[in-house]
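Here is the structure we will look at.
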Amino acid sequence: MFKDYLNAEDYEIDVFEFDLHITGDGELIILHDGTLDRTTDAVEYFGKEEIRPEDYTYEELRALNFGENFETDDGEMPFKGLRGEEIPDSLRISRLEDVLTCIQNDGDYDYIIEIKNSQELGFKAADELYRILSDLDLVDNVVVGTFNEEVSMYLDEKYPEICRSASQNEVILVYALSLFGIKTPDSALKFDALQVPMERYGLNLATARFVNYAHRHNLAVQYWTINDEAEMRHLIDLGCDAIMTDNPKLLRE
């Protein structure tokens with residue numbers, strides 16, 4: 001899958017975005033959802049629902065078909081029903097370390113990485129993420145984010161050299177500061193980026209006021225997940241720093 005992006009002839013990729021979960025044996029895997037139920041054959045394989053990666057080892061999860069419910073633009077599901085040895089390695093679980101190594105072999109890229117786990121699992125995920133980034137000399141190429149404020153604080157305490165995005169409360173703080181034009185020392189803002197949707201909590205985060213305020217405080221503004229051309233053009237006109245999309249070809253155009 002990643003090689004398809006790397007080898008695309010009609011567009012280029014400059015930043016990759018990943019969501020991470022930690023497995024029961026401490027491996028970091030790429031997964032958006034909190035469970036494997038929606039995207040794989042996990043419910044069938046394990047005979048129950050709510051299959052969470054932290055409850056299984058990496059090797060146990062390698063038995064699953066991660067292309068089970070993949071649907072093409074034409075409505076076809078080319079990988080559904082593959083089981084056992086029929087499942088190619090490209091459709092099995094992806095470890096972060098393996099994916100980063102694969103991409104690094106192609107060239108230099110930047111990364112936006114979100115830790116999905118909270119509390120102790122989130123701390124363990126942060127520790128393992130830092131180890132991997134250090135081993136691959138990628139610490140300076142990554143912005144790390146999380147919806148879990150305690151994990152953000154953990155990153156500040158243990159790995160202050162890592163660039164991180166604002167927590168949810170910090171995003172609301174910046175919005176309020178920008179709304180009332182309140183200046184604040186850059187040192188008071190311990191994060192490096194605002195990774196936000198266009199709207200959140202009833203707040204319009206896709207405004208020139210919000211972006212300009214962030215830029216005046218040396219904060220990058222990165223929007224997710226934008227698949228509409230008009231919205232892409234609006235954000236580009238605002239001068240945003242990154243757009244996360246499921247359609248990189250459209251964005252590149």
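Letters A, B, ... go to the chains of the structure tokens in the order shown; residues in each chain start at 1; ligands are counted from 1 in the same order.
Shell of stretch 64-70 of chain A at 6 Å, with only C-alpha atoms counted and residues fewer than 2 places along the chain excluded, is Thr39, Thr40, Asp41, Leu61, Arg62, Met77, Phe79, Lys80, Leu91 and Arg92 of chain A.
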Store the residues picked out above in a file with C-alpha atoms, as a PDB file, in the first residue's frame.
ATOM      1  CA  THR A  39     -11.626  -3.198   8.937  1.00  0.00           C
ATOM      2  CA  THR A  40     -10.574  -6.842   9.344  1.00  0.00           C
ATOM      3  CA  ASP A  41     -12.012 -10.332   9.801  1.00  0.00           C
ATOM      4  CA  LEU A  61      -2.882 -10.190  14.898  1.00  0.00           C
ATOM      5  CA  ARG A  62      -0.828 -11.176  11.855  1.00  0.00           C
ATOM      6  CA  MET A  77     -14.047  -5.678  -2.523  1.00  0.00           C
ATOM      7  CA  PHE A  79      -9.574  -8.872  -0.886  1.00  0.00           C
ATOM      8  CA  LYS A  80     -12.681 -10.038   0.962  1.00  0.00           C
ATOM      9  CA  LEU A  91      -2.657  -7.135   3.710  1.00  0.00           C
ATOM     10  CA  ARG A  92      -1.417  -8.173   7.142  1.00  0.00           C
TER      11      ARG A  92
END
Closest pair table for stretch 9-73 of chain A residues within 9 Å of stretch 93-113 of chain A, only C-alpha atoms, as CSV:
residue,atom,partner,partner_atom,distance
A:Ile13,CA,A:Tyr109,CA,8.3
A:Asp14,CA,A:Tyr109,CA,5.7
A:Val15,CA,A:Asp110,CA,4.7
A:Phe16,CA,A:Tyr111,CA,4.8
A:Glu17,CA,A:Ile112,CA,4.6
A:Phe18,CA,A:Ile113,CA,4.9
A:Asp19,CA,A:Ile113,CA,5.9
A:Leu20,CA,A:Ile113,CA,7.3
A:Glu27,CA,A:Arg95,CA,7.0
A:Leu28,CA,A:Leu96,CA,5.7
A:Ile29,CA,A:Arg95,CA,4.4
A:Ile30,CA,A:Ser94,CA,5.8
A:Leu31,CA,A:Ser94,CA,8.4
A:Tyr58,CA,A:Ile93,CA,8.0
A:Leu61,CA,A:Ile93,CA,6.7
A:Arg62,CA,A:Ile93,CA,5.5
A:Ala63,CA,A:Ile93,CA,8.4
A:Leu64,CA,A:Ile93,CA,7.3
A:Asn65,CA,A:Ile93,CA,8.0
A:Phe66,CA,A:Ile93,CA,6.5
Quote the spacing between atom CA of A:Ser118 and atom CA of A:Glu149 in Å to one decimal place. 8.5 Å
Would you give me, as a Markdown table, each residue of stretch 157-233 of chain A having an atom within 9 Å of an atom of stretch 238-253 of chain A, along with its shortest atom pair and that distance in Å to one decimal, using only C-alpha atoms and sorting by chain and residue number?
| residue | atom | partner | partner_atom | distance |
| --- | --- | --- | --- | --- |
| A:Gln195 | CA | A:Ala242 | CA | 8.9 |
| A:Ala206 | CA | A:Leu238 | CA | 7.8 |
| A:Thr207 | CA | A:Leu238 | CA | 7.0 |
| A:Ala208 | CA | A:Leu238 | CA | 5.6 |
| A:Val211 | CA | A:Cys240 | CA | 6.7 |
| A:Asn212 | CA | A:Leu238 | CA | 8.4 |
| A:Ala220 | CA | A:Asp241 | CA | 5.8 |
| A:Val221 | CA | A:Asp241 | CA | 5.4 |
| A:Gln222 | CA | A:Ala242 | CA | 4.5 |
| A:Tyr223 | CA | A:Ile243 | CA | 5.0 |
| A:Trp224 | CA | A:Met244 | CA | 4.8 |
| A:Thr225 | CA | A:Thr245 | CA | 5.1 |
| A:Ile226 | CA | A:Thr245 | CA | 5.0 |
| A:Asn227 | CA | A:Thr245 | CA | 5.6 |
| A:Asp228 | CA | A:Leu250 | CA | 8.7 |
| A:Glu229 | CA | A:Leu250 | CA | 7.2 |
| A:Met232 | CA | A:Leu251 | CA | 6.9 |
| A:Arg233 | CA | A:Leu238 | CA | 8.6 |
My list of candidates is A:Val196, A:Ala176, A:Ile22, A:Leu203. Which is closest to A:Lys124 when distances are computed with only C-alpha atoms? A:Ile22
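The gap separating atom CA of A:Thr184 from atom CA of A:Thr146 is 23.5 Å, in Å to one decimal.
Listed by chain and then by rising number, the residues of stretch 88-128 of chain A that DSSP assigns to strand (DSSP E or B) from the backbone are Arg95, Asp110, Tyr111, Ile112, Ile113, Glu114 and Ile115 of chain A.
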Compile the contact shell of stretch 177-181 of chain A as a PDB file with all heavy atoms, in the first residue's frame: residues with an atom at most 10 Å away, counting only C-alpha atoms, same-chain residues fewer than 5 positions apart removed.
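Final output, saved to part-v2.pdb:
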ATOM      1  N   VAL A 171      -6.169  23.491  21.955  1.00  0.00           N
ATOM      2  CA  VAL A 171      -6.771  24.032  20.734  1.00  0.00           C
ATOM      3  C   VAL A 171      -7.849  25.061  21.103  1.00  0.00           C
ATOM      4  O   VAL A 171      -7.906  26.156  20.528  1.00  0.00           O
ATOM      5  CB  VAL A 171      -7.383  22.919  19.868  1.00  0.00           C
ATOM      6  CG1 VAL A 171      -8.230  23.513  18.740  1.00  0.00           C
ATOM      7  CG2 VAL A 171      -6.285  22.041  19.281  1.00  0.00           C
ATOM      8  N   ILE A 172      -8.680  24.719  22.066  1.00  0.00           N
ATOM      9  CA  ILE A 172      -9.733  25.644  22.506  1.00  0.00           C
ATOM     10  C   ILE A 172      -9.119  26.909  23.081  1.00  0.00           C
ATOM     11  O   ILE A 172      -9.607  28.028  22.848  1.00  0.00           O
ATOM     12  CB  ILE A 172     -10.639  24.955  23.535  1.00  0.00           C
ATOM     13  CG1 ILE A 172     -11.403  23.804  22.879  1.00  0.00           C
ATOM     14  CG2 ILE A 172     -11.617  25.952  24.148  1.00  0.00           C
ATOM     15  CD1 ILE A 172     -12.199  22.947  23.840  1.00  0.00           C
ATOM     16  N   ARG A 209      -8.242  34.468  10.950  1.00  0.00           N
ATOM     17  CA  ARG A 209      -7.888  34.928  12.291  1.00  0.00           C
ATOM     18  C   ARG A 209      -7.179  33.815  13.071  1.00  0.00           C
ATOM     19  O   ARG A 209      -6.137  34.048  13.709  1.00  0.00           O
ATOM     20  CB  ARG A 209      -9.137  35.370  13.049  1.00  0.00           C
ATOM     21  CG  ARG A 209      -8.850  35.877  14.455  1.00  0.00           C
ATOM     22  CD  ARG A 209     -10.113  36.225  15.217  1.00  0.00           C
ATOM     23  NE  ARG A 209     -10.970  35.048  15.356  1.00  0.00           N
ATOM     24  CZ  ARG A 209     -12.255  35.025  14.987  1.00  0.00           C
ATOM     25  NH1 ARG A 209     -12.819  36.089  14.453  1.00  0.00           N
ATOM     26  NH2 ARG A 209     -12.968  33.923  15.153  1.00  0.00           N
ATOM     27  N   PHE A 210      -7.722  32.617  13.008  1.00  0.00           N
ATOM     28  CA  PHE A 210      -7.154  31.489  13.741  1.00  0.00           C
ATOM     29  C   PHE A 210      -5.771  31.135  13.194  1.00  0.00           C
ATOM     30  O   PHE A 210      -4.809  30.966  13.949  1.00  0.00           O
ATOM     31  CB  PHE A 210      -8.101  30.289  13.622  1.00  0.00           C
ATOM     32  CG  PHE A 210      -7.664  29.070  14.384  1.00  0.00           C
ATOM     33  CD1 PHE A 210      -7.771  29.028  15.760  1.00  0.00           C
ATOM     34  CD2 PHE A 210      -7.164  27.962  13.724  1.00  0.00           C
ATOM     35  CE1 PHE A 210      -7.385  27.899  16.477  1.00  0.00           C
ATOM     36  CE2 PHE A 210      -6.774  26.828  14.416  1.00  0.00           C
ATOM     37  CZ  PHE A 210      -6.882  26.796  15.800  1.00  0.00           C
ATOM     38  N   VAL A 211      -5.650  31.025  11.869  1.00  0.00           N
ATOM     39  CA  VAL A 211      -4.371  30.663  11.248  1.00  0.00           C
ATOM     40  C   VAL A 211      -3.329  31.739  11.484  1.00  0.00           C
ATOM     41  O   VAL A 211      -2.173  31.446  11.851  1.00  0.00           O
ATOM     42  CB  VAL A 211      -4.558  30.404   9.737  1.00  0.00           C
ATOM     43  CG1 VAL A 211      -3.195  30.211   9.058  1.00  0.00           C
ATOM     44  CG2 VAL A 211      -5.442  29.178   9.510  1.00  0.00           C
ATOM     45  N   ASN A 212      -3.708  33.003  11.299  1.00  0.00           N
ATOM     46  CA  ASN A 212      -2.744  34.090  11.464  1.00  0.00           C
ATOM     47  C   ASN A 212      -2.259  34.209  12.910  1.00  0.00           C
ATOM     48  O   ASN A 212      -1.078  34.483  13.171  1.00  0.00           O
ATOM     49  CB  ASN A 212      -3.352  35.418  11.005  1.00  0.00           C
ATOM     50  CG  ASN A 212      -3.567  35.460   9.502  1.00  0.00           C
ATOM     51  OD1 ASN A 212      -2.956  34.703   8.761  1.00  0.00           O
ATOM     52  ND2 ASN A 212      -4.456  36.335   9.062  1.00  0.00           N
ATOM     53  N   TYR A 213      -3.180  34.013  13.853  1.00  0.00           N
ATOM     54  CA  TYR A 213      -2.778  34.048  15.267  1.00  0.00           C
ATOM     55  C   TYR A 213      -1.766  32.948  15.551  1.00  0.00           C
ATOM     56  O   TYR A 213      -0.748  33.172  16.221  1.00  0.00           O
ATOM     57  CB  TYR A 213      -3.999  33.896  16.173  1.00  0.00           C
ATOM     58  CG  TYR A 213      -3.666  34.009  17.645  1.00  0.00           C
ATOM     59  CD1 TYR A 213      -3.703  35.246  18.287  1.00  0.00           C
ATOM     60  CD2 TYR A 213      -3.308  32.890  18.392  1.00  0.00           C
ATOM     61  CE1 TYR A 213      -3.391  35.370  19.635  1.00  0.00           C
ATOM     62  CE2 TYR A 213      -2.986  32.999  19.743  1.00  0.00           C
ATOM     63  CZ  TYR A 213      -3.032  34.235  20.353  1.00  0.00           C
ATOM     64  OH  TYR A 213      -2.705  34.356  21.684  1.00  0.00           O
ATOM     65  N   ALA A 214      -2.049  31.751  15.052  1.00  0.00           N
ATOM     66  CA  ALA A 214      -1.127  30.634  15.261  1.00  0.00           C
ATOM     67  C   ALA A 214       0.244  30.939  14.658  1.00  0.00           C
ATOM     68  O   ALA A 214       1.284  30.722  15.296  1.00  0.00           O
ATOM     69  CB  ALA A 214      -1.700  29.367  14.636  1.00  0.00           C
TER      70      ALA A 214
END
DSSP alpha helix (DSSP H) residues within stretch 32-239 of chain A, as a ChimeraX atom specification: /A:42-46,58-61,96-104,119-135,149-158,168-180,208-216,229-238
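Straight-line separation from atom CA of A:Leu36 to atom CA of A:Asn117: 14.2 Å.
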